[in-house]
>>> print(open('coords.cif').read())   # mmCIF, C-alpha atoms and all ligand atoms
data_input
#
loop_
_atom_site.label_atom_id
_atom_site.label_comp_id
_atom_site.auth_asym_id
_atom_site.auth_seq_id
_atom_site.Cartn_x
_atom_site.Cartn_y
_atom_site.Cartn_z
CA MET P 296 26.75 52.61 -74.47
CA ASP P 297 24.34 49.98 -73.22
CA TRP P 298 23.31 47.05 -75.45
CA GLY P 299 19.67 48.13 -75.55
CA LEU P 300 20.55 51.66 -76.59
CA LYS P 301 22.91 50.41 -79.29
CA ASN P 302 20.29 47.97 -80.50
CA ARG P 303 17.61 50.67 -80.77
CA LEU P 304 20.00 53.07 -82.47
CA SER P 305 20.98 50.44 -85.02
CA SER P 306 17.33 49.99 -85.97
CA ILE P 307 17.21 53.69 -86.89
CA ILE P 308 20.65 54.20 -88.45
CA LYS P 309 21.38 51.03 -90.38
CA PRO P 310 24.81 49.76 -89.35
CA HIS P 311 25.67 48.19 -92.72
CA ASN P 312 25.84 51.56 -94.43
CA ASN P 313 25.41 54.09 -91.60
CA ARG P 314 22.32 55.50 -93.29
CA ALA P 315 18.82 56.35 -92.16
CA LEU P 316 15.53 57.11 -93.84
CA MET P 317 13.06 58.45 -91.32
CA LEU P 318 9.55 59.42 -92.33
CA ALA P 319 8.30 62.44 -90.36
CA VAL P 320 4.57 62.64 -89.63
CA ASP P 321 4.66 64.52 -86.31
CA HIS P 322 3.65 67.89 -87.75
CA GLY P 323 0.18 67.89 -86.21
CA TYR P 324 1.63 68.41 -82.72
CA PHE P 325 1.80 72.15 -83.40
CA LEU P 326 0.29 72.56 -86.91
CA GLY P 327 -2.91 70.55 -86.42
CA PRO P 328 -4.26 68.90 -89.59
CA THR P 329 -1.38 69.80 -91.88
CA GLU P 330 -2.18 69.82 -95.60
CA LYS P 331 -2.21 66.26 -96.98
CA LEU P 332 -1.64 64.84 -93.48
CA GLU P 333 -5.26 65.30 -92.45
CA ASN P 334 -5.67 61.54 -92.19
CA PRO P 335 -2.36 60.16 -90.87
CA LYS P 336 -3.50 56.54 -91.07
CA LYS P 337 -4.08 56.78 -94.82
CA VAL P 338 -0.83 58.64 -95.35
CA ILE P 339 1.33 56.30 -93.30
CA ALA P 340 -0.02 52.93 -94.52
CA PRO P 341 1.46 52.87 -98.06
CA LEU P 342 4.74 54.50 -96.99
CA LEU P 343 5.62 52.47 -93.92
CA LYS P 344 7.44 49.69 -95.73
CA TYR P 345 9.76 52.12 -97.46
CA CYS P 346 11.10 53.96 -94.39
CA ASP P 347 13.57 52.74 -91.78
CA SER P 348 11.73 54.50 -88.96
CA LEU P 349 8.69 56.67 -88.38
CA MET P 350 8.77 59.93 -86.41
CA LEU P 351 5.43 60.68 -84.81
CA THR P 352 3.48 61.59 -81.69
CA ARG P 353 1.90 59.08 -79.34
CA GLY P 354 -1.58 60.08 -80.48
CA VAL P 355 -0.85 59.27 -84.09
CA GLN P 356 1.02 56.10 -83.16
CA ARG P 357 -1.93 54.77 -81.15
CA THR P 358 -4.61 55.75 -83.65
CA SER P 359 -2.93 55.44 -87.01
CA VAL P 360 -0.24 52.76 -87.00
CA ALA P 361 -0.92 49.03 -86.86
CA PRO P 362 0.80 47.60 -83.76
CA GLU P 363 1.93 44.60 -85.84
CA THR P 364 4.50 46.74 -87.63
CA ASN P 365 8.22 46.07 -87.33
CA THR P 366 9.13 49.66 -88.21
CA PRO P 367 10.88 51.45 -85.32
CA MET P 368 9.01 54.40 -83.81
CA VAL P 369 10.78 57.67 -83.05
CA LEU P 370 8.39 59.20 -80.56
CA ARG P 371 8.09 62.97 -80.23
CA VAL P 372 7.79 63.74 -76.54
CA SER P 373 7.84 67.56 -76.61
CA GLY P 374 5.12 70.07 -77.39
CA GLY P 375 2.86 72.65 -75.82
CA SER P 376 2.61 75.52 -78.34
CA SER P 377 0.68 75.96 -81.55
CA ILE P 378 1.33 77.79 -84.79
CA ILE P 379 -1.26 80.43 -83.77
CA GLY P 380 0.02 80.82 -80.20
CA ASP P 381 2.36 83.44 -78.78
CA ASP P 382 5.64 81.61 -78.95
CA LEU P 383 6.39 78.30 -80.66
CA SER P 384 9.54 77.87 -78.62
CA GLN P 385 7.63 77.35 -75.35
CA GLU P 386 7.80 73.58 -75.35
CA ASP P 387 7.95 71.13 -72.52
CA ILE P 388 8.17 67.36 -72.21
CA THR P 389 4.65 66.02 -72.68
CA VAL P 390 5.11 62.24 -72.58
CA SER P 391 6.29 60.18 -69.61
CA ILE P 392 9.08 57.68 -70.01
CA GLN P 393 6.65 54.96 -68.89
CA ASP P 394 4.31 55.77 -71.74
CA ALA P 395 7.20 55.86 -74.21
CA ILE P 396 8.19 52.36 -73.05
CA ARG P 397 4.57 51.16 -73.34
CA LEU P 398 4.64 52.45 -76.91
CA ASN P 399 7.85 50.51 -77.52
CA ALA P 400 9.65 53.65 -78.69
CA SER P 401 12.97 53.04 -80.39
CA ALA P 402 13.99 56.64 -79.76
CA LEU P 403 12.53 59.78 -78.19
CA ALA P 404 12.52 63.09 -80.03
CA MET P 405 12.23 66.65 -78.75
CA SER P 406 12.98 70.14 -80.03
CA ILE P 407 15.42 72.66 -78.66
CA PHE P 408 15.04 76.33 -79.50
CA VAL P 409 18.54 77.79 -79.28
CA GLY P 410 18.52 81.59 -79.32
CA SER P 411 14.84 81.85 -78.41
CA LYS P 412 13.08 83.06 -75.28
CA TYR P 413 12.75 79.44 -74.15
CA GLU P 414 16.29 78.34 -74.98
CA TYR P 415 17.11 77.57 -71.33
CA GLN P 416 13.96 75.54 -70.73
CA THR P 417 14.27 73.43 -73.86
CA VAL P 418 18.01 72.77 -73.51
CA VAL P 419 17.65 71.78 -69.84
CA ASN P 420 14.72 69.55 -70.80
CA LEU P 421 16.93 67.83 -73.36
CA GLY P 422 19.59 67.08 -70.75
CA LYS P 423 16.98 65.68 -68.37
CA LEU P 424 15.35 63.61 -71.09
CA VAL P 425 18.69 62.08 -72.08
CA SER P 426 19.40 61.11 -68.46
CA GLU P 427 15.99 59.51 -68.08
CA ALA P 428 15.93 57.80 -71.49
CA GLU P 429 19.47 56.45 -71.10
CA SER P 430 18.52 54.72 -67.88
CA TYR P 431 16.13 52.61 -70.00
CA GLY P 432 18.48 52.24 -72.96
CA ILE P 433 16.46 54.54 -75.21
CA PRO P 434 18.29 56.99 -77.51
CA VAL P 435 17.23 60.63 -77.89
CA LEU P 436 16.96 62.57 -81.12
CA ALA P 437 17.25 66.34 -80.64
CA VAL P 438 15.53 68.54 -83.19
CA THR P 439 17.18 71.91 -83.70
CA ALA P 440 14.13 74.02 -84.35
CA VAL P 441 14.27 76.97 -86.67
CA GLY P 442 11.82 79.82 -86.79
CA LYS P 443 11.38 83.30 -88.14
CA GLU P 444 13.67 84.78 -85.55
CA LEU P 445 16.12 81.88 -85.48
CA GLY P 446 18.87 81.46 -88.04
CA LYS P 447 19.28 78.72 -90.57
CA ASP P 448 22.92 79.23 -91.52
CA ALA P 449 25.92 77.03 -90.76
CA ARG P 450 26.98 79.22 -87.84
CA TYR P 451 23.63 78.99 -86.08
CA LEU P 452 23.03 75.33 -86.90
CA SER P 453 26.56 74.37 -85.76
CA LEU P 454 25.87 76.04 -82.43
CA ALA P 455 22.49 74.37 -81.99
CA CYS P 456 23.65 70.91 -83.11
CA ARG P 457 26.76 71.00 -80.95
CA MET P 458 24.72 72.11 -77.93
CA ALA P 459 22.32 69.21 -78.50
CA ALA P 460 25.20 66.73 -78.72
CA GLU P 461 26.82 68.19 -75.59
CA GLN P 462 23.59 67.54 -73.68
CA GLY P 463 23.91 63.91 -74.73
CA ALA P 464 21.56 63.65 -77.72
CA HIS P 465 22.38 60.51 -79.69
CA ILE P 466 21.18 61.87 -83.05
CA VAL P 467 20.57 65.47 -84.07
CA LYS P 468 18.01 66.50 -86.62
CA THR P 469 18.73 69.77 -88.32
CA TYR P 470 18.40 71.58 -91.64
CA TYR P 471 20.60 71.53 -94.69
CA CYS P 472 22.44 74.80 -95.29
CA GLU P 473 25.35 76.27 -97.16
CA ASN P 474 28.63 74.93 -95.73
CA PHE P 475 26.69 72.09 -94.17
CA GLU P 476 29.94 70.08 -93.83
CA LYS P 477 30.99 72.48 -91.07
CA VAL P 478 27.84 71.68 -89.12
CA VAL P 479 28.54 67.94 -89.45
CA GLN P 480 32.23 68.24 -88.62
CA SER P 481 31.60 70.09 -85.37
CA CYS P 482 28.86 67.73 -84.17
CA PRO P 483 30.16 64.54 -82.55
CA VAL P 484 26.93 62.57 -83.10
CA PRO P 485 25.14 61.61 -86.35
CA ILE P 486 23.11 64.30 -88.07
CA ILE P 487 19.89 63.66 -89.95
CA VAL P 488 18.39 66.36 -92.17
CA ALA P 489 14.77 67.54 -92.16
CA GLY P 490 13.10 68.04 -95.51
CA GLY P 491 11.46 71.39 -94.79
CA LYS P 492 8.68 73.01 -96.81
CA LYS P 493 7.43 71.33 -99.97
CA ILE P 494 9.66 72.02 -102.96
CA PRO P 495 9.67 70.41 -106.42
CA GLU P 496 10.49 66.69 -106.23
CA ARG P 497 13.79 66.97 -108.06
CA ASP P 498 14.92 69.71 -105.66
CA ALA P 499 13.99 67.56 -102.67
CA LEU P 500 16.04 64.72 -104.15
CA GLN P 501 18.92 67.13 -104.64
CA LEU P 502 18.60 68.19 -101.00
CA THR P 503 18.74 64.53 -99.93
CA TYR P 504 21.80 63.92 -102.09
CA ASN P 505 23.57 67.06 -100.86
CA ALA P 506 22.84 66.27 -97.24
CA ILE P 507 24.37 62.82 -97.54
CA LYS P 508 27.33 64.13 -99.52
CA GLY P 509 27.80 66.69 -96.78
CA GLY P 510 28.02 63.96 -94.13
CA ALA P 511 24.44 63.49 -92.88
CA VAL P 512 23.40 59.91 -92.18
CA GLY P 513 20.15 60.49 -94.01
CA VAL P 514 16.91 62.41 -93.98
CA ASP P 515 13.93 62.74 -91.69
CA MET P 516 11.53 63.85 -94.38
CA GLY P 517 7.85 64.63 -94.17
CA ARG P 518 6.18 67.23 -96.39
CA ASN P 519 8.37 66.57 -99.41
CA ILE P 520 7.13 63.00 -99.35
CA TRP P 521 3.47 63.06 -98.37
CA GLN P 522 2.67 66.45 -99.92
CA SER P 523 3.94 65.14 -103.24
CA ASP P 524 1.25 64.03 -105.69
CA HIS P 525 3.06 60.68 -105.69
CA PRO P 526 4.19 59.95 -102.13
CA VAL P 527 5.17 56.30 -102.73
CA ALA P 528 7.20 57.14 -105.83
CA MET P 529 8.83 59.97 -103.92
CA ILE P 530 9.83 57.97 -100.85
CA ARG P 531 11.21 55.24 -103.10
CA ALA P 532 13.27 57.78 -105.01
CA VAL P 533 14.57 59.24 -101.74
CA ARG P 534 15.35 55.72 -100.59
CA ALA P 535 17.31 55.11 -103.79
CA ILE P 536 19.64 57.94 -102.77
CA VAL P 537 19.85 57.10 -99.07
CA HIS P 538 20.28 53.34 -99.42
CA GLY P 539 20.93 52.72 -103.11
CA ASN P 540 23.59 55.41 -103.57
CA ALA P 541 21.67 56.77 -106.57
CA ASN P 542 22.56 60.23 -107.78
CA VAL P 543 19.88 62.85 -108.35
CA ASP P 544 19.30 62.02 -112.03
CA GLN P 545 18.96 58.32 -111.28
CA ALA P 546 16.60 58.94 -108.38
CA PHE P 547 14.45 61.32 -110.40
CA LYS P 548 14.29 58.76 -113.18
CA ILE P 549 13.10 56.18 -110.67
CA TYR P 550 10.48 58.66 -109.45
CA LYS P 551 9.17 59.20 -112.99
CA GLN P 552 9.21 55.49 -113.82
CA LEU P 553 7.21 54.74 -110.70
CA ILE P 554 4.65 57.41 -111.61
CA ASN P 555 4.23 55.79 -115.03
CA GLU P 556 3.77 52.39 -113.40
CA GLU P 557 1.25 53.87 -110.97
CA SER P 558 -0.83 55.32 -113.78
CA LYS P 559 -0.67 52.07 -115.81
CA ASN P 560 -1.80 50.13 -112.75
CA LYS P 561 -4.64 52.56 -112.20
CA LYS P 562 -5.78 52.22 -115.81
CA ASN P 563 -5.66 48.43 -115.58
CA SER P 564 -7.61 48.30 -112.36
CA ASN P 565 -10.18 50.75 -113.78
CA LYS P 566 -10.57 48.46 -116.80
CA GLN P 567 -10.99 45.42 -114.57
CA ASN P 568 -13.56 47.20 -112.45
CA LYS P 569 -15.56 48.14 -115.54
CA LYS P 570 -15.75 44.52 -116.81
CA PRO P 571 -19.36 43.27 -116.68
CA ASN P 572 -20.03 40.33 -114.41
CA ASN P 573 -20.53 37.51 -116.91
CA ASN P 574 -20.84 34.94 -114.22
CA PRO P 575 -22.93 32.14 -115.65
CA ASN P 576 -23.67 30.92 -112.16
CA LYS P 577 -27.43 30.62 -111.88
CA ASN P 578 -27.78 32.02 -108.42
CA ASN P 579 -25.60 34.96 -109.25
CA LYS P 580 -23.12 33.85 -106.62
CA PRO P 581 -19.70 35.47 -106.82
CA ASN P 582 -17.32 33.79 -109.20
CA ASN P 583 -14.82 32.19 -106.85
CA LYS P 584 -12.01 32.15 -109.38
CA GLN P 585 -12.28 35.85 -109.98
CA LYS P 586 -12.68 36.55 -106.31
CA LYS P 587 -9.55 34.58 -105.47
CA SER P 588 -7.35 36.23 -108.05
CA ASN P 589 -8.47 39.70 -107.02
CA SER P 590 -7.92 39.15 -103.35
CA ASN P 591 -4.54 37.52 -103.75
CA PRO P 592 -1.97 40.22 -104.34
CA LYS P 593 0.60 37.60 -105.28
CA LYS P 594 -1.39 36.71 -108.40
CA ASN P 595 -1.60 40.30 -109.41
CA ASN P 596 1.10 41.37 -111.84
CA ASN P 597 1.45 44.63 -110.00
CA LYS P 598 2.96 42.95 -107.01
CA PRO P 599 3.16 45.23 -104.01
CA ASN P 600 6.20 44.74 -101.81
CA THR P 601 5.48 42.75 -98.72
CA GLN P 602 5.78 44.43 -95.36
CA ASN P 603 9.11 42.91 -94.51
CA LYS P 604 10.70 43.17 -97.89
CA LYS P 605 12.32 46.54 -98.22
CA PRO P 606 12.26 47.68 -101.80
CA ASN P 607 15.45 47.68 -103.74
CA ASN P 608 15.59 51.05 -105.36
CA ASN P 609 19.01 50.45 -106.68
CA PRO P 610 19.20 51.98 -110.13
CA ASN P 611 21.31 48.98 -111.15
CA LYS P 612 19.68 47.43 -114.23
CA ASN P 613 18.99 44.04 -112.71
CA ASN P 614 17.78 45.63 -109.56
CA LYS P 615 20.32 43.60 -107.65
CA PRO P 616 21.97 45.34 -104.71
CA ASN P 617 25.25 46.79 -105.80
CA ASN P 618 27.63 45.42 -103.20
CA LYS P 619 30.47 47.66 -104.18
CA GLN P 620 28.31 50.71 -103.73
CA ASN P 621 26.96 49.45 -100.45
CA LYS P 622 30.43 48.95 -99.15
CA LYS P 623 31.53 52.43 -100.10
CA PRO P 624 28.62 54.82 -99.75
CA ASN P 625 29.19 57.82 -101.96
CA ASN P 626 32.89 57.14 -102.00
CA GLN P 627 32.98 59.09 -98.81
CA LYS P 628 34.81 57.92 -95.78
CA PRO P 629 32.34 56.00 -93.68
CA ASN P 630 30.99 58.23 -90.96
CA SER P 631 32.54 56.81 -87.84
CA LYS P 632 30.22 58.74 -85.55
C1 LIG T 701 9.17 69.66 -87.18
O1 LIG T 701 9.50 70.13 -86.11
C2 LIG T 701 8.82 68.31 -87.30
O2 LIG T 701 9.50 67.65 -86.27
C3 LIG T 701 9.09 67.56 -88.60
O3 LIG T 701 9.26 66.24 -88.28
C4 LIG T 701 10.32 68.00 -89.37
O4 LIG T 701 10.24 69.33 -89.70
C5 LIG T 701 10.55 67.14 -90.62
O5 LIG T 701 9.51 67.24 -91.50
P1 LIG T 701 9.63 68.05 -92.86
O6 LIG T 701 10.47 67.23 -93.75
O7 LIG T 701 8.24 68.20 -93.33
O8 LIG T 701 10.30 69.37 -92.54
#
>>> encode(input="coords.cif", output="structure tokens")
Amino acid sequence: MDWGLKNRLSSIIKPHNNRALMLAVDHGYFLGPTEKLENPKKVIAPLLKYCDSLMLTRGVQRTSVAPETNTPMVLRVSGGSSIIGDDLSQEDITVSIQDAIRLNASALAMSIFVGSKYEYQTVVNLGKLVSEAESYGIPVLAVTAVGKELGKDARYLSLACRMAAEQGAHIVKTYYCENFEKVVQSCPVPIIVAGGKKIPERDALQLTYNAIKGGAVGVDMGRNIWQSDHPVAMIRAVRAIVHGNANVDQAFKIYKQLINEESKNKKNSNKQNKKPNNNPNKNNKPNNKQKKSNSNPKKNNNKPNTQNKKPNNNPNKNNKPNNKQNKKPNNQKPNSK
């Protein structure tokens, strides 16, 4: 494996714990303005600092993500069919490798539709994409699509994941299922699990926990984060499982604590906004002291995390990283894939 490819991969799957938290916001490529993702810019902004990488289309990347970000981009390069069209499986490669490089993609993503009418086309496209992307040191994430007519059990997903890996995909995104371990065991490259339709937050945390226990490197989650009423609290709770080795109870507790903090902060800022302007300044000029303290987030007690500081969602009391836990994720053998 070339240095560049290894380097890009390690920005997506963190080498220190072999874990990945990818935020998926690519849904519009076939669903249009998906509920609660109508304005991707607004959705992405508060979540970006809590994910390891962002999965998206080039249109959303160009319009809705600040180019100053350090977060790696996993660029979806397939598409062509819509939710109201004849056949969702009729996808082709829609982005050139040159454009992906211009967008500084850390990985390319495309779907394969095993067992569908367009199985051949999508699987061959994956092989070609891997060949092209590898010549530039860019890894490929294969998405094993599921649909009404496609299965979602371990037998089907094992087939689809293995086929993706055989074509050279460097990561495979699939769904969690019963006997998920079998899917992982028969796939020679890391597996990341999609969140799927919105379910109650605790269930989504359970899914995250189960996926990791079952051998996934992490989650590529979308709707269960940004369709939550509390997306930031939710991604931080998911992060606590993926990177903090929290169990479901601990992560859900974190989620609820963060909601409480959110509502306290809201109340405080509402109070502050209601305060009359008692500025004695004759000319009614803005009070510089007040102005400074409001515009400086560091002086605010509700300190937001800075862009580069990843939050520590470790349920450990002192919020210090638990080194023992980090060394031995989930007491499972480290995934050597
Ligand atoms: C689906 O094909 C898209 O690629 C999504 O990125 C994927 O389904 C993950 O998002 P969600 O967690 O909402 O299922």
>>> closest_residue(input="coords.cif", among="P:Asn568, P:Ser523, P:Asn365, P:Asn542", to="ligand LIG 701 (chain T)", atoms="all atoms listed in the file")
P:Ser523
>>> residues_around(input="coords.cif", residues="segment 496-507 of chain P", least_positions_apart="2", cutoff="9 Å", atoms="only C-alpha atoms", output="PyMOL selection string")
chain P and resi 314+470-472+475-476+487-488+490+493-494+509-514+519-520+523+529+532-533+536-537+540-544+546-547+550+625
>>> atom_distance(input="coords.cif", atom1="atom O3 of ligand LIG 701 (chain T)", atom2="atom CA of Met296 of chain P")
26.1 Å
>>> residues_near_ligand(input="coords.cif", ligand="ligand LIG 701 (chain T)", cutoff="8 Å", atoms="only C-alpha atoms and all ligand atoms", output="ChimeraX atom specification")
/P:318-322,350-351,371,406,438,440,489-493,515-520
>>> write_last_selection(input="coords.cif", atoms="C-alpha atoms", output="PDB file, in the coordinates of the input")
ATOM      1  CA  LEU P 318       9.550  59.420 -92.330  1.00  0.00           C
ATOM      2  CA  ALA P 319       8.300  62.440 -90.360  1.00  0.00           C
ATOM      3  CA  VAL P 320       4.570  62.640 -89.630  1.00  0.00           C
ATOM      4  CA  ASP P 321       4.660  64.520 -86.310  1.00  0.00           C
ATOM      5  CA  HIS P 322       3.650  67.890 -87.750  1.00  0.00           C
ATOM      6  CA  MET P 350       8.770  59.930 -86.410  1.00  0.00           C
ATOM      7  CA  LEU P 351       5.430  60.680 -84.810  1.00  0.00           C
ATOM      8  CA  ARG P 371       8.090  62.970 -80.230  1.00  0.00           C
ATOM      9  CA  SER P 406      12.980  70.140 -80.030  1.00  0.00           C
ATOM     10  CA  VAL P 438      15.530  68.540 -83.190  1.00  0.00           C
ATOM     11  CA  ALA P 440      14.130  74.020 -84.350  1.00  0.00           C
ATOM     12  CA  ALA P 489      14.770  67.540 -92.160  1.00  0.00           C
ATOM     13  CA  GLY P 490      13.100  68.040 -95.510  1.00  0.00           C
ATOM     14  CA  GLY P 491      11.460  71.390 -94.790  1.00  0.00           C
ATOM     15  CA  LYS P 492       8.680  73.010 -96.810  1.00  0.00           C
ATOM     16  CA  LYS P 493       7.430  71.330 -99.970  1.00  0.00           C
ATOM     17  CA  ASP P 515      13.930  62.740 -91.690  1.00  0.00           C
ATOM     18  CA  MET P 516      11.530  63.850 -94.380  1.00  0.00           C
ATOM     19  CA  GLY P 517       7.850  64.630 -94.170  1.00  0.00           C
ATOM     20  CA  ARG P 518       6.180  67.230 -96.390  1.00  0.00           C
ATOM     21  CA  ASN P 519       8.370  66.570 -99.410  1.00  0.00           C
ATOM     22  CA  ILE P 520       7.130  63.000 -99.350  1.00  0.00           C
TER      23      ILE P 520
END
>>> residues_around(input="coords.cif", residues="Asn399 of chain P", least_positions_apart="3", cutoff="12 Å", atoms="only C-alpha atoms", output="VMD selection string")
chain P and resid 303 353 356 to 357 362 to 370 392 to 396 402 to 403 431 to 433
>>> residues_around(input="coords.cif", residues="Leu424 of chain P", least_positions_apart="5", cutoff="10 Å", atoms="all atoms listed in the file", output="PyMOL selection string")
chain P and resi 372+388+391-392+403-405+418-419+429-430+434-435+462-464
>>> atom_distance(input="coords.cif", atom1="atom CA of Cys346 of chain P", atom2="atom CA of Leu316 of chain P")
5.5 Å
>>> closest_residue(input="coords.cif", among="P:Ser426, P:Gln416, P:Gln552, P:Asn563", to="Ala528 of chain P", atoms="only C-alpha atoms")
P:Gln552
>>> atom_distance(input="coords.cif", atom1="atom CA of Ala460 of chain P", atom2="atom CA of His311 of chain P")
23.2 Å
>>> decode(input="coords.cif", residues="segment 487-534 of chain P", atoms="C-alpha atoms", output="short mmCIF file (atom, residue, chain, number, x, y, z; two decimals), in the first residue's frame")
data_model
loop_
_atom_site.label_atom_id
_atom_site.label_comp_id
_atom_site.auth_asym_id
_atom_site.auth_seq_id
_atom_site.Cartn_x
_atom_site.Cartn_y
_atom_site.Cartn_z
CA ILE P 487 -18.12 0.52 8.95
CA VAL P 488 -21.83 0.41 9.76
CA ALA P 489 -24.52 2.75 8.41
CA GLY P 490 -27.06 4.07 10.87
CA GLY P 491 -30.18 3.52 8.75
CA LYS P 492 -33.59 5.05 9.35
CA LYS P 493 -34.17 7.22 12.41
CA ILE P 494 -34.82 5.18 15.54
CA PRO P 495 -34.95 6.27 19.19
CA GLU P 496 -31.59 7.65 20.36
CA ARG P 497 -30.93 4.87 22.84
CA ASP P 498 -31.54 2.27 20.13
CA ALA P 499 -29.13 4.04 17.80
CA LEU P 500 -26.52 4.01 20.56
CA GLN P 501 -27.18 0.32 21.06
CA LEU P 502 -26.69 -0.23 17.34
CA THR P 503 -23.37 1.61 17.50
CA TYR P 504 -22.26 -0.44 20.48
CA ASN P 505 -23.34 -3.74 18.90
CA ALA P 506 -21.63 -2.92 15.62
CA ILE P 507 -18.33 -2.26 17.36
CA LYS P 508 -18.69 -5.31 19.58
CA GLY P 509 -19.34 -7.29 16.42
CA GLY P 510 -16.06 -6.12 14.89
CA ALA P 511 -16.94 -2.97 12.92
CA VAL P 512 -14.39 -0.17 13.07
CA GLY P 513 -17.16 2.32 13.69
CA VAL P 514 -20.22 3.94 12.20
CA ASP P 515 -21.02 6.08 9.20
CA MET P 516 -24.13 7.62 10.67
CA GLY P 517 -26.45 10.23 9.25
CA ARG P 518 -30.17 10.31 10.04
CA ASN P 519 -29.80 9.05 13.59
CA ILE P 520 -27.62 12.06 14.28
CA TRP P 521 -29.06 15.00 12.37
CA GLN P 522 -32.69 13.87 12.55
CA SER P 523 -32.39 13.76 16.32
CA ASP P 524 -33.83 16.76 18.16
CA HIS P 525 -30.35 17.11 19.67
CA PRO P 526 -27.81 16.37 16.94
CA VAL P 527 -24.74 17.62 18.86
CA ALA P 528 -25.65 15.66 21.99
CA MET P 529 -26.27 12.61 19.84
CA ILE P 530 -23.00 12.71 17.90
CA ARG P 531 -21.11 13.22 21.15
CA ALA P 532 -22.84 10.22 22.69
CA VAL P 533 -22.03 8.12 19.61
CA ARG P 534 -18.45 9.36 19.85
#
